[in-house]
Each structure stands twice: as structure tokens, then as C-alpha cells.
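This is run.cif. It holds mmCIF, C-alpha atoms.
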```cif
data_my_file
loop_
_atom_site.group_PDB
_atom_site.id
_atom_site.type_symbol
_atom_site.label_atom_id
_atom_site.label_comp_id
_atom_site.auth_asym_id
_atom_site.auth_seq_id
_atom_site.Cartn_x
_atom_site.Cartn_y
_atom_site.Cartn_z
ATOM 1 C CA MET A 290 0.000 0.000 0.000
ATOM 2 C CA MET A 291 1.379 3.409 -1.028
ATOM 3 C CA SER A 292 1.440 6.192 1.554
ATOM 4 C CA GLY A 293 3.215 9.443 2.313
ATOM 5 C CA SER A 294 3.851 12.523 0.196
ATOM 6 C CA ALA A 295 3.581 10.687 -3.135
ATOM 7 C CA THR A 296 -0.005 9.696 -2.339
ATOM 8 C CA VAL A 297 -0.830 13.225 -1.207
ATOM 9 C CA TRP A 298 0.404 14.646 -4.506
ATOM 10 C CA LEU A 299 -1.678 12.089 -6.393
ATOM 11 C CA PHE A 300 -4.789 13.242 -4.513
ATOM 12 C CA VAL A 301 -3.948 16.878 -5.221
ATOM 13 C CA ALA A 302 -3.405 16.184 -8.919
ATOM 14 C CA ALA A 303 -6.661 14.213 -9.089
ATOM 15 C CA ALA A 304 -8.567 17.041 -7.399
ATOM 16 C CA VAL A 305 -7.116 19.678 -9.725
ATOM 17 C CA LEU A 306 -7.867 17.649 -12.835
ATOM 18 C CA THR A 307 -11.383 16.857 -11.647
ATOM 19 C CA LEU A 308 -12.084 20.500 -10.830
ATOM 20 C CA ALA A 309 -10.702 21.580 -14.203
ATOM 21 C CA GLY A 310 -12.986 19.081 -15.909
ATOM 22 C CA LEU A 311 -16.026 20.349 -14.009
ATOM 23 C CA LEU A 312 -15.178 23.939 -14.848
ATOM 24 C CA PHE A 313 -14.925 22.989 -18.491
ATOM 25 C CA PHE A 314 -18.545 21.838 -18.474
ATOM 26 C CA LEU A 315 -19.780 24.707 -16.326
ATOM 27 C CA ARG A 316 -17.759 27.553 -17.890
ATOM 28 C CA PRO A 317 -16.020 26.325 -21.042
ATOM 29 C CA ARG A 318 -15.138 29.845 -22.227
ATOM 30 C CA TRP A 319 -13.362 30.648 -18.954
ATOM 31 C CA LEU A 320 -11.307 27.457 -19.092
ATOM 32 C CA LEU A 321 -10.443 27.973 -22.744
ATOM 33 C CA GLY A 322 -9.251 31.492 -21.978
ATOM 34 C CA TRP A 323 -7.175 30.230 -19.062
ATOM 35 C CA LEU A 324 -5.576 27.556 -21.240
ATOM 36 C CA LYS A 325 -4.775 30.111 -23.927
ATOM 37 C CA GLY A 326 -3.268 32.457 -21.358
ATOM 38 C CA THR A 327 -1.167 29.683 -19.837
ATOM 39 C CA ALA A 328 0.070 28.591 -23.254
ATOM 40 C CA ALA A 329 0.887 32.173 -24.244
ATOM 41 C CA PHE A 330 2.791 32.775 -20.997
ATOM 42 C CA SER A 331 4.722 29.522 -21.482
ATOM 43 C CA PHE A 332 5.681 30.530 -25.029
ATOM 44 C CA ILE A 333 6.853 33.935 -23.789
ATOM 45 C CA LEU A 334 9.024 32.347 -21.091
ATOM 46 C CA LEU A 335 10.460 29.870 -23.590
ATOM 47 C CA GLY A 336 11.124 32.659 -26.088
ATOM 48 C CA VAL A 337 12.948 34.768 -23.481
ATOM 49 C CA PHE A 338 14.975 31.718 -22.411
ATOM 50 C CA LEU A 339 16.041 30.982 -25.994
ATOM 51 C CA PHE A 340 16.797 34.637 -26.726
ATOM 52 C CA LEU A 341 19.054 34.973 -23.670
ATOM 53 C CA LEU A 342 20.760 31.677 -24.466
ATOM 54 C CA ALA A 343 21.387 32.740 -28.064
ATOM 55 C CA TRP A 344 22.777 36.074 -26.843
ATOM 56 C CA ASP A 345 25.150 34.361 -24.420
ATOM 57 C CA LEU A 346 26.305 31.889 -27.077
ATOM 58 C CA THR A 347 27.568 34.732 -29.254
ATOM 59 C CA SER A 348 30.604 34.822 -26.926
ATOM 60 C CA TYR A 349 31.231 31.067 -27.279
ATOM 61 C CA TYR A 350 32.833 29.011 -30.040
ATOM 62 C CA ARG A 351 31.653 25.747 -31.516
ATOM 63 C CA LEU A 352 33.429 22.667 -30.217
ATOM 64 C CA SER A 353 33.984 19.566 -32.346
ATOM 65 C CA GLN A 354 35.018 16.126 -31.115
ATOM 66 C CA GLN A 355 38.524 17.341 -30.298
ATOM 67 C CA GLU A 356 40.353 20.336 -31.639
ATOM 68 C CA THR A 357 43.166 22.743 -30.911
ATOM 69 C CA VAL A 358 41.592 25.735 -29.189
ATOM 70 C CA ALA A 359 44.816 27.604 -28.414
ATOM 71 C CA THR A 360 48.547 27.664 -29.110
ATOM 72 C CA VAL A 361 50.868 28.937 -26.380
ATOM 73 C CA THR A 362 54.309 30.329 -27.253
ATOM 74 C CA ILE A 363 56.632 31.178 -24.350
ATOM 75 C CA ARG A 364 59.460 33.696 -24.123
ATOM 76 C CA GLN A 365 61.450 34.283 -20.951
ATOM 77 C CA ALA A 366 61.328 37.901 -19.771
ATOM 78 C CA GLY A 367 63.367 37.495 -16.567
ATOM 79 C CA PRO A 368 63.931 35.161 -13.613
ATOM 80 C CA GLN A 369 60.649 33.244 -13.289
ATOM 81 C CA GLN A 370 59.011 35.844 -15.530
ATOM 82 C CA TRP A 371 57.522 34.842 -18.857
ATOM 83 C CA SER A 372 55.770 36.411 -21.801
ATOM 84 C CA LEU A 373 53.122 34.065 -23.178
ATOM 85 C CA SER A 374 51.657 34.594 -26.627
ATOM 86 C CA LEU A 375 48.227 32.959 -26.703
ATOM 87 C CA ALA A 376 46.784 32.357 -30.181
ATOM 88 C CA SER A 377 43.105 31.376 -30.343
ATOM 89 C CA GLU A 378 39.958 32.220 -32.279
ATOM 90 C CA ALA A 379 38.344 32.790 -28.876
ATOM 91 C CA LEU A 380 40.507 35.874 -28.216
ATOM 92 C CA PRO A 381 40.115 39.411 -29.596
ATOM 93 C CA GLY A 382 42.212 39.667 -32.732
ATOM 94 C CA GLY A 383 43.061 35.976 -32.524
ATOM 95 C CA ARG A 384 46.184 36.526 -30.403
ATOM 96 C CA GLN A 385 47.020 38.157 -27.071
ATOM 97 C CA ALA A 386 50.187 38.426 -24.951
ATOM 98 C CA TYR A 387 50.263 37.898 -21.187
ATOM 99 C CA LEU A 388 52.947 38.133 -18.517
ATOM 100 C CA LEU A 389 53.173 35.210 -16.105
ATOM 101 C CA GLU A 390 55.334 34.653 -13.057
ATOM 102 C CA GLY A 391 56.265 31.244 -11.709
ATOM 103 C CA ASP A 392 57.389 27.878 -13.028
ATOM 104 C CA GLN A 393 54.248 26.423 -14.636
ATOM 105 C CA TRP A 394 51.229 27.607 -16.608
ATOM 106 C CA GLN A 395 47.639 26.422 -16.978
ATOM 107 C CA LEU A 396 44.739 27.289 -19.288
ATOM 108 C CA ASP A 397 41.093 26.810 -18.236
ATOM 109 C CA ALA A 398 37.947 26.790 -20.355
ATOM 110 C CA ARG A 399 34.171 26.798 -19.961
ATOM 111 C CA VAL A 400 32.068 24.326 -21.940
ATOM 112 C CA LEU A 401 28.311 24.328 -22.552
ATOM 113 C CA ARG A 402 26.572 21.175 -23.781
ATOM 114 C CA PHE A 403 22.920 20.831 -24.762
ATOM 115 C CA SER A 404 20.269 18.127 -24.662
ATOM 116 C CA GLY A 405 16.673 17.499 -25.685
ATOM 117 C CA PRO A 406 15.035 20.048 -28.006
ATOM 118 C CA LEU A 407 18.124 22.275 -28.020
ATOM 119 C CA GLN A 408 20.170 19.386 -29.367
ATOM 120 C CA TRP A 409 17.459 18.614 -31.909
ATOM 121 C CA LEU A 410 17.701 22.225 -33.082
ATOM 122 C CA GLY A 411 21.331 21.538 -33.953
ATOM 123 C CA LEU A 412 23.087 23.277 -31.072
ATOM 124 C CA LYS A 413 26.570 21.823 -30.698
ATOM 125 C CA PRO A 414 28.813 21.989 -27.629
ATOM 126 C CA ALA A 415 30.429 25.408 -27.267
ATOM 127 C CA TYR A 416 33.463 26.667 -25.387
ATOM 128 C CA LYS A 417 34.953 29.873 -24.036
ATOM 129 C CA LEU A 418 38.460 30.342 -22.644
ATOM 130 C CA GLU A 419 38.199 31.106 -18.932
ATOM 131 C CA ARG A 420 41.624 32.044 -17.555
ATOM 132 C CA LEU A 421 45.384 31.715 -17.923
ATOM 133 C CA SER A 422 47.354 31.258 -14.720
ATOM 134 C CA GLY A 423 50.829 30.513 -13.419
ATOM 135 C CA ARG A 424 52.152 28.919 -10.259
ATOM 136 C CA TYR A 425 55.393 28.253 -8.403
ATOM 137 C CA MET A 426 56.635 24.726 -7.837
ATOM 138 C CA ALA A 427 58.523 25.481 -4.616
ATOM 139 C CA LEU A 428 56.183 25.346 -1.628
ATOM 140 C CA GLU A 429 57.781 28.374 0.031
ATOM 141 C CA GLU A 430 57.349 30.521 -3.074
ATOM 142 C CA ALA A 431 53.788 29.300 -3.573
ATOM 143 C CA ARG A 432 52.950 30.400 -0.033
ATOM 144 C CA ASN A 433 54.617 33.804 -0.128
ATOM 145 C CA ARG A 434 54.124 34.953 -3.717
ATOM 146 C CA ARG A 435 50.763 35.632 -5.289
ATOM 147 C CA PRO A 436 50.096 33.586 -8.448
ATOM 148 C CA THR A 437 49.475 35.357 -11.745
ATOM 149 C CA VAL A 438 45.928 34.974 -13.064
ATOM 150 C CA HIS A 439 44.519 36.504 -16.262
ATOM 151 C CA GLY A 440 40.765 36.338 -16.829
ATOM 152 C CA LEU A 441 39.873 35.571 -20.447
ATOM 153 C CA ALA A 442 36.111 35.043 -20.415
ATOM 154 C CA GLY A 443 35.045 38.670 -20.124
ATOM 155 C CA GLY A 444 31.826 39.832 -18.526
ATOM 156 C CA GLY A 445 28.294 39.763 -19.864
ATOM 157 C CA TRP A 446 24.860 40.701 -18.593
ATOM 158 C CA VAL A 447 23.713 37.100 -18.998
ATOM 159 C CA ASP A 448 25.818 34.043 -18.140
ATOM 160 C CA PHE A 449 24.152 30.660 -18.658
ATOM 161 C CA TRP A 450 27.288 28.797 -17.594
ATOM 162 C CA ALA A 451 27.238 30.453 -14.160
ATOM 163 C CA LEU A 452 23.449 30.099 -13.897
ATOM 164 C CA ASP A 453 23.629 26.387 -14.614
ATOM 165 C CA GLN A 454 26.378 25.959 -12.026
ATOM 166 C CA LYS A 455 24.015 27.427 -9.408
ATOM 167 C CA LEU A 456 20.544 26.386 -10.583
ATOM 168 C CA GLU A 457 21.081 23.308 -12.817
ATOM 169 C CA LEU A 458 19.112 24.690 -15.750
ATOM 170 C CA PRO A 459 17.102 22.336 -17.970
ATOM 171 C CA LEU A 460 18.546 21.325 -21.352
ATOM 172 C CA VAL A 461 21.929 22.921 -20.527
ATOM 173 C CA GLU A 462 24.990 21.288 -18.986
ATOM 174 C CA SER A 463 27.916 23.454 -17.905
ATOM 175 C CA GLN A 464 31.400 21.993 -17.556
ATOM 176 C CA PHE A 465 34.743 23.398 -16.449
ATOM 177 C CA GLY A 466 37.961 22.198 -18.033
ATOM 178 C CA SER A 467 41.456 22.704 -16.628
ATOM 179 C CA ALA A 468 44.573 21.581 -18.443
ATOM 180 C CA THR A 469 47.360 20.035 -16.399
ATOM 181 C CA TYR A 470 49.946 22.569 -15.266
ATOM 182 C CA MET A 471 52.783 22.559 -17.794
ATOM 183 C CA PRO A 472 56.382 23.766 -17.339
ATOM 184 C CA LEU A 473 57.420 27.222 -18.489
ATOM 185 C CA ARG A 474 60.480 27.099 -20.744
ATOM 186 C CA ASN A 475 61.986 29.692 -23.071
ATOM 187 C CA ASN A 476 60.884 29.195 -26.715
ATOM 188 C CA ALA A 477 58.548 26.327 -25.768
ATOM 189 C CA ILE A 478 55.345 25.940 -27.797
ATOM 190 C CA TYR A 479 52.248 24.040 -26.667
ATOM 191 C CA ASN A 480 48.907 23.246 -28.252
ATOM 192 C CA VAL A 481 45.824 23.151 -26.030
ATOM 193 C CA LEU A 482 43.291 20.512 -27.093
ATOM 194 C CA LEU A 483 39.664 20.492 -25.992
ATOM 195 C CA GLY A 484 37.204 17.676 -26.627
ATOM 196 C CA GLN A 485 34.805 15.175 -25.106
ATOM 197 C CA ASN A 486 37.397 14.046 -22.553
ATOM 198 C CA GLY A 487 38.299 17.520 -21.339
ATOM 199 C CA ILE A 488 41.212 19.860 -21.948
ATOM 200 C CA ASN A 489 44.812 18.823 -22.486
ATOM 201 C CA ALA A 490 48.077 20.637 -23.252
ATOM 202 C CA VAL A 491 50.503 18.981 -25.685
ATOM 203 C CA ALA A 492 54.147 19.873 -26.302
ATOM 204 C CA VAL A 493 54.762 20.912 -29.919
ATOM 205 C CA ASN A 494 58.499 21.620 -30.273
ATOM 206 C CA ASP A 495 61.720 20.235 -28.802
ATOM 207 C CA GLU A 496 61.948 22.899 -26.086
ATOM 208 C CA ALA A 497 58.489 22.040 -24.802
ATOM 209 C CA ARG A 498 59.064 18.280 -25.007
ATOM 210 C CA SER A 499 62.372 18.621 -23.156
ATOM 211 C CA ALA A 500 60.731 20.726 -20.441
ATOM 212 C CA VAL A 501 57.935 18.175 -19.983
ATOM 213 C CA SER A 502 60.399 15.272 -19.925
ATOM 214 C CA ASN A 503 62.604 16.907 -17.285
ATOM 215 C CA TRP A 504 59.597 17.988 -15.234
ATOM 216 C CA GLN A 505 58.009 14.528 -15.151
#
```
Mind turning the file's structure into C-alpha cells?
Amino acid sequence: MMSGSATVWLFVAAAVLTLAGLLFFLRPRWLLGWLKGTAAFSFILLGVFLFLLAWDLTSYYRLSQQETVATVTIRQAGPQQWSLSLASEALPGGRQAYLLEGDQWQLDARVLRFSGPLQWLGLKPAYKLERLSGRYMALEEARNRRPTVHGLAGGGWVDFWALDQKLELPLVESQFGSATYMPLRNNAIYNVLLGQNGINAVAVNDEARSAVSNWQ
């Protein structure tokens, strides 16, 4: 025998449906107007939702199965100081330079994935670069020196990624990808790959491969 809140909700639903049916026979015009109003309000809410989502997606970039979303070129500017050239379609002008301090670097990205009707409409996963950061390997330096962090995502008046993180929106799944910290080495070049399995940094030239080999 079923009992508890589930049964209560069944009684409530039965009462509402029964009352709605009685009202249909007693005042069919009133019920028809109510149904039209409810449908219209639902369409308005859905339209606003889709408009805001489309607006937010203008700052994202389409993500395929796995692709190179950024190329990082490193030049040493001083002791534990580095100039990083970040090339990506997700950046203004396609390339930006950043100064990092420390021994390692990391690139983070936001990813939005879609399900249900949004997927049927053809919406593909989309990404946005989140931040570029550096860190020190020595524990003493990590404690006493502030890490360098550059925000890349920019600000907007609507942010579905942040909303989904807080509210778990329907039809939208937000993910956060962080590449493994990689060593900073003069003239090293890395590609940053993003796909179904997350984000990954790959050494491209001999300087980068040597740095990774010595670091591991």
C-alpha cells in the first residue's frame, strides 16, 4: 500500500484535474481562456529563455570532437618571468600576450553542452576560454608569492554557464575544463586541445618536449 507525500500529490493532482474538468462543463469559455493564457505565458518564457541563451552563445565558439583551441608560445622575460603569446579564435584579434610569473602555466575553459530540443535544433557543444594562470613549484614561493591569473572570459549581462552551475538549468549542462599545469620554458610551444574528454596541453616543439620530460 502506497502512503506518504507521493499519495498526497496524487490526490492533489486528481482534485485539480477533476475540478478543471467540471469547470470545463460549467464555464467552457473561462477554461479555454485560461488555457490560452497559460500557453501564451509559457511561449513567452520559452522565447525569453532561448533569446538569452542565443545572446550568451555569441561569446562562445563551436566545439567539435577534439580540436586545438589555443597555441601557447613562451618567451622568458626574466627570472621566473615569462611572456606568453596565446593564439586562439576565442581571443580578440586571434592573439594576445600575457605576462606570467612562476614555473608552470595552466589554461582553463568553460564548456556548454545541450540536450533534448536544443540538441534537436542543432546546437553543438560550445566553449569559451576562462583564464590563464601561473604557479610556483617550490612550496615556500607558492605560499609567499601571489600567483598570476589573467581572466579571459570577459563579462556579460547574462551568463548561462554560471546560472547552470548554481541552478542546474534544464537542457543545458555546464562543464569546467582545466589543463594540467605545464612547465614554463623559453621558446617552448604548446597546443591546447579540448574535446569530449576535457582539456589537455601537448608539447609541440623540442623545447616544450624537453621541459615536460625533465619535469616529469
For CA of Gln393 in chain A and CA of Arg474 in chain A, the interatomic separation in Å (one decimal):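 Separation of CA of Gln393 in chain A and CA of Arg474 in chain A: 8.8 Å.
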Closest of A:Leu473, A:Thr357, A:Arg434, A:Leu458 to Leu388 in chain A - atom-to-atom distances counting all atoms listed in the file: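 Answer, going by the shortest atom-to-atom distance: A:Leu473.
Distance-wise, CA of Trp409 in chain A and CA of Phe465 in chain A end up 23.7 Å apart.
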Tell me, as a ChimeraX atom specification, which residues lie within 7 Å of range 460-464 of chain A, counting all atoms listed in the file; anything in the same chain fewer than 3 positions away does not count. /A:399-405,407,450,453-454
Using all atoms listed in the file, pick whichever of A:Leu342, A:Gly484, A:Val447, A:Asn475 has the shortest atom-to-atom distance to Pro368 in chain A. A:Asn475
Smallest atom-to-atom distance to Trp504 in chain A: which of A:Val438, A:Val361, A:Ala343, A:Met426, using all atoms listed in the file?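 Answer, going by the shortest atom-to-atom distance: A:Met426.
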Write out as a VMD selection string each polymer residue whose atoms come within 8 Å of range 348-350 of chain A, counting all atoms listed in the file; drop sequence neighbours fewer than 4 positions from it. chain A and resid 344 379 415 to 417
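Considering only C-alpha atoms, the residue among A:Ala386, A:Leu380, A:Lys413, A:Gly440 positioned nearest to Thr362 in chain A is A:Ala386.
When all atoms listed in the file are used to measure the gap to Gly411 in chain A, the shortest distance among A:Leu428, A:Arg351, A:Ser374, A:Val481 belongs to A:Arg351.
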Identify which of the residues A:Pro414, A:Lys455, A:Asn480, A:Ser372 lies closest to Thr437 in chain A, counting only C-alpha atoms when measuring atom-to-atom distances. A:Ser372
For the structure shown, which residues end up in the PyMOL selection byres ((chain A and resi 419) around 8)? Put them as a list in words, please?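 When the PyMOL selection byres ((chain A and resi 419) around 8) is applied to the shown file, the picked residues are Leu396, Asp397, Ala398, Arg399, Lys417, Leu418, Arg420, Leu421, Gly440, Leu441 and Ala442 of chain A.
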Any chance you can output those residues with C-alpha atoms as an mmCIF file, in the frame of the given file?
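Result saved to out04.cif:
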```
data_model
loop_
_atom_site.group_PDB
_atom_site.id
_atom_site.type_symbol
_atom_site.label_atom_id
_atom_site.label_comp_id
_atom_site.auth_asym_id
_atom_site.auth_seq_id
_atom_site.Cartn_x
_atom_site.Cartn_y
_atom_site.Cartn_z
ATOM 1 C CA LEU A 396 44.739 27.289 -19.288
ATOM 2 C CA ASP A 397 41.093 26.810 -18.236
ATOM 3 C CA ALA A 398 37.947 26.790 -20.355
ATOM 4 C CA ARG A 399 34.171 26.798 -19.961
ATOM 5 C CA LYS A 417 34.953 29.873 -24.036
ATOM 6 C CA LEU A 418 38.460 30.342 -22.644
ATOM 7 C CA ARG A 420 41.624 32.044 -17.555
ATOM 8 C CA LEU A 421 45.384 31.715 -17.923
ATOM 9 C CA GLY A 440 40.765 36.338 -16.829
ATOM 10 C CA LEU A 441 39.873 35.571 -20.447
ATOM 11 C CA ALA A 442 36.111 35.043 -20.415
#
```
Which residues fall under the PyMOL selection byres ((chain A and resi 477) around 12) in this file, as a ChimeraX atom specification? /A:360-365,371-374,393-394,471-476,478-480,491-501
Quick check, in Å to one decimal: how far apart do CA of Pro406 in chain A and CA of Pro459 in chain A lie?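 Result for CA of Pro406 in chain A versus CA of Pro459 in chain A: 10.5 Å, one decimal.
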Excluding Ala376 in chain A and its own-chain neighbours fewer than 5 positions away, which residues fall within 6 Å of it when counting all atoms listed in the file? Please give them as a ChimeraX atom specification. /A:359-360,383-384
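When the distance limit is 10 Å and only C-alpha atoms are what count, the residues near Asn486 in chain A, minus those fewer than 4 positions from it on the same chain, are Gln354, Gln355, Gly466 and Leu482 of chain A.
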Which polymer residues have any atom within 8 Å of an atom of Gln369 in chain A, counting only C-alpha atoms, with same-chain residues fewer than 5 positions away left out, as a count of residues only? 3
Would you place a box with edges along x, y and z of the file around all atoms of range 418-431 of chain A listed there, add 3 Å to each of its six sides, and report the centre and edge lengths in Å to one decimal, as AutoDock Vina command-line options?
```
--center_x 48.4 --center_y 28.4 --center_z -11.3 --size_x 26.3 --size_y 13.3 --size_z 28.7
```
Please return range 416-430 of chain A, rebuilt to N, CA and C atoms, as a PDB file, in the frame of the given file.
```pdb
ATOM      1  N   TYR A 416      32.462  26.407 -26.416  1.00  0.00           N
ATOM      2  CA  TYR A 416      33.463  26.667 -25.387  1.00  0.00           C
ATOM      3  C   TYR A 416      33.841  28.142 -25.357  1.00  0.00           C
ATOM      4  N   LYS A 417      34.412  28.531 -24.232  1.00  0.00           N
ATOM      5  CA  LYS A 417      34.953  29.873 -24.036  1.00  0.00           C
ATOM      6  C   LYS A 417      36.175  29.741 -23.131  1.00  0.00           C
ATOM      7  N   LEU A 418      37.279  30.366 -23.501  1.00  0.00           N
ATOM      8  CA  LEU A 418      38.460  30.342 -22.644  1.00  0.00           C
ATOM      9  C   LEU A 418      38.169  31.116 -21.365  1.00  0.00           C
ATOM     10  N   GLU A 419      38.545  30.535 -20.233  1.00  0.00           N
ATOM     11  CA  GLU A 419      38.199  31.106 -18.932  1.00  0.00           C
ATOM     12  C   GLU A 419      39.335  31.919 -18.320  1.00  0.00           C
ATOM     13  N   ARG A 420      40.511  31.309 -18.157  1.00  0.00           N
ATOM     14  CA  ARG A 420      41.624  32.044 -17.555  1.00  0.00           C
ATOM     15  C   ARG A 420      42.954  31.360 -17.856  1.00  0.00           C
ATOM     16  N   LEU A 421      44.000  32.170 -17.785  1.00  0.00           N
ATOM     17  CA  LEU A 421      45.384  31.715 -17.923  1.00  0.00           C
ATOM     18  C   LEU A 421      46.084  32.033 -16.612  1.00  0.00           C
ATOM     19  N   SER A 422      46.747  31.043 -16.036  1.00  0.00           N
ATOM     20  CA  SER A 422      47.354  31.258 -14.720  1.00  0.00           C
ATOM     21  C   SER A 422      48.725  30.606 -14.634  1.00  0.00           C
ATOM     22  N   GLY A 423      49.513  31.084 -13.684  1.00  0.00           N
ATOM     23  CA  GLY A 423      50.829  30.513 -13.419  1.00  0.00           C
ATOM     24  C   GLY A 423      50.943  30.123 -11.956  1.00  0.00           C
ATOM     25  N   ARG A 424      51.921  29.292 -11.656  1.00  0.00           N
ATOM     26  CA  ARG A 424      52.152  28.919 -10.259  1.00  0.00           C
ATOM     27  C   ARG A 424      53.622  28.574 -10.049  1.00  0.00           C
ATOM     28  N   TYR A 425      54.028  28.607  -8.793  1.00  0.00           N
ATOM     29  CA  TYR A 425      55.393  28.253  -8.403  1.00  0.00           C
ATOM     30  C   TYR A 425      55.423  26.802  -7.938  1.00  0.00           C
ATOM     31  N   MET A 426      56.502  26.110  -8.260  1.00  0.00           N
ATOM     32  CA  MET A 426      56.635  24.726  -7.837  1.00  0.00           C
ATOM     33  C   MET A 426      57.118  24.614  -6.394  1.00  0.00           C
ATOM     34  N   ALA A 427      58.002  25.521  -5.980  1.00  0.00           N
ATOM     35  CA  ALA A 427      58.523  25.481  -4.616  1.00  0.00           C
ATOM     36  C   ALA A 427      57.428  25.886  -3.634  1.00  0.00           C
ATOM     37  N   LEU A 428      57.248  25.106  -2.592  1.00  0.00           N
ATOM     38  CA  LEU A 428      56.183  25.346  -1.628  1.00  0.00           C
ATOM     39  C   LEU A 428      56.326  26.709  -0.962  1.00  0.00           C
ATOM     40  N   GLU A 429      57.551  27.097  -0.634  1.00  0.00           N
ATOM     41  CA  GLU A 429      57.781  28.374   0.031  1.00  0.00           C
ATOM     42  C   GLU A 429      57.374  29.542  -0.865  1.00  0.00           C
ATOM     43  N   GLU A 430      57.727  29.460  -2.141  1.00  0.00           N
ATOM     44  CA  GLU A 430      57.349  30.521  -3.074  1.00  0.00           C
ATOM     45  C   GLU A 430      55.841  30.546  -3.291  1.00  0.00           C
TER      46      GLU A 430
END
```
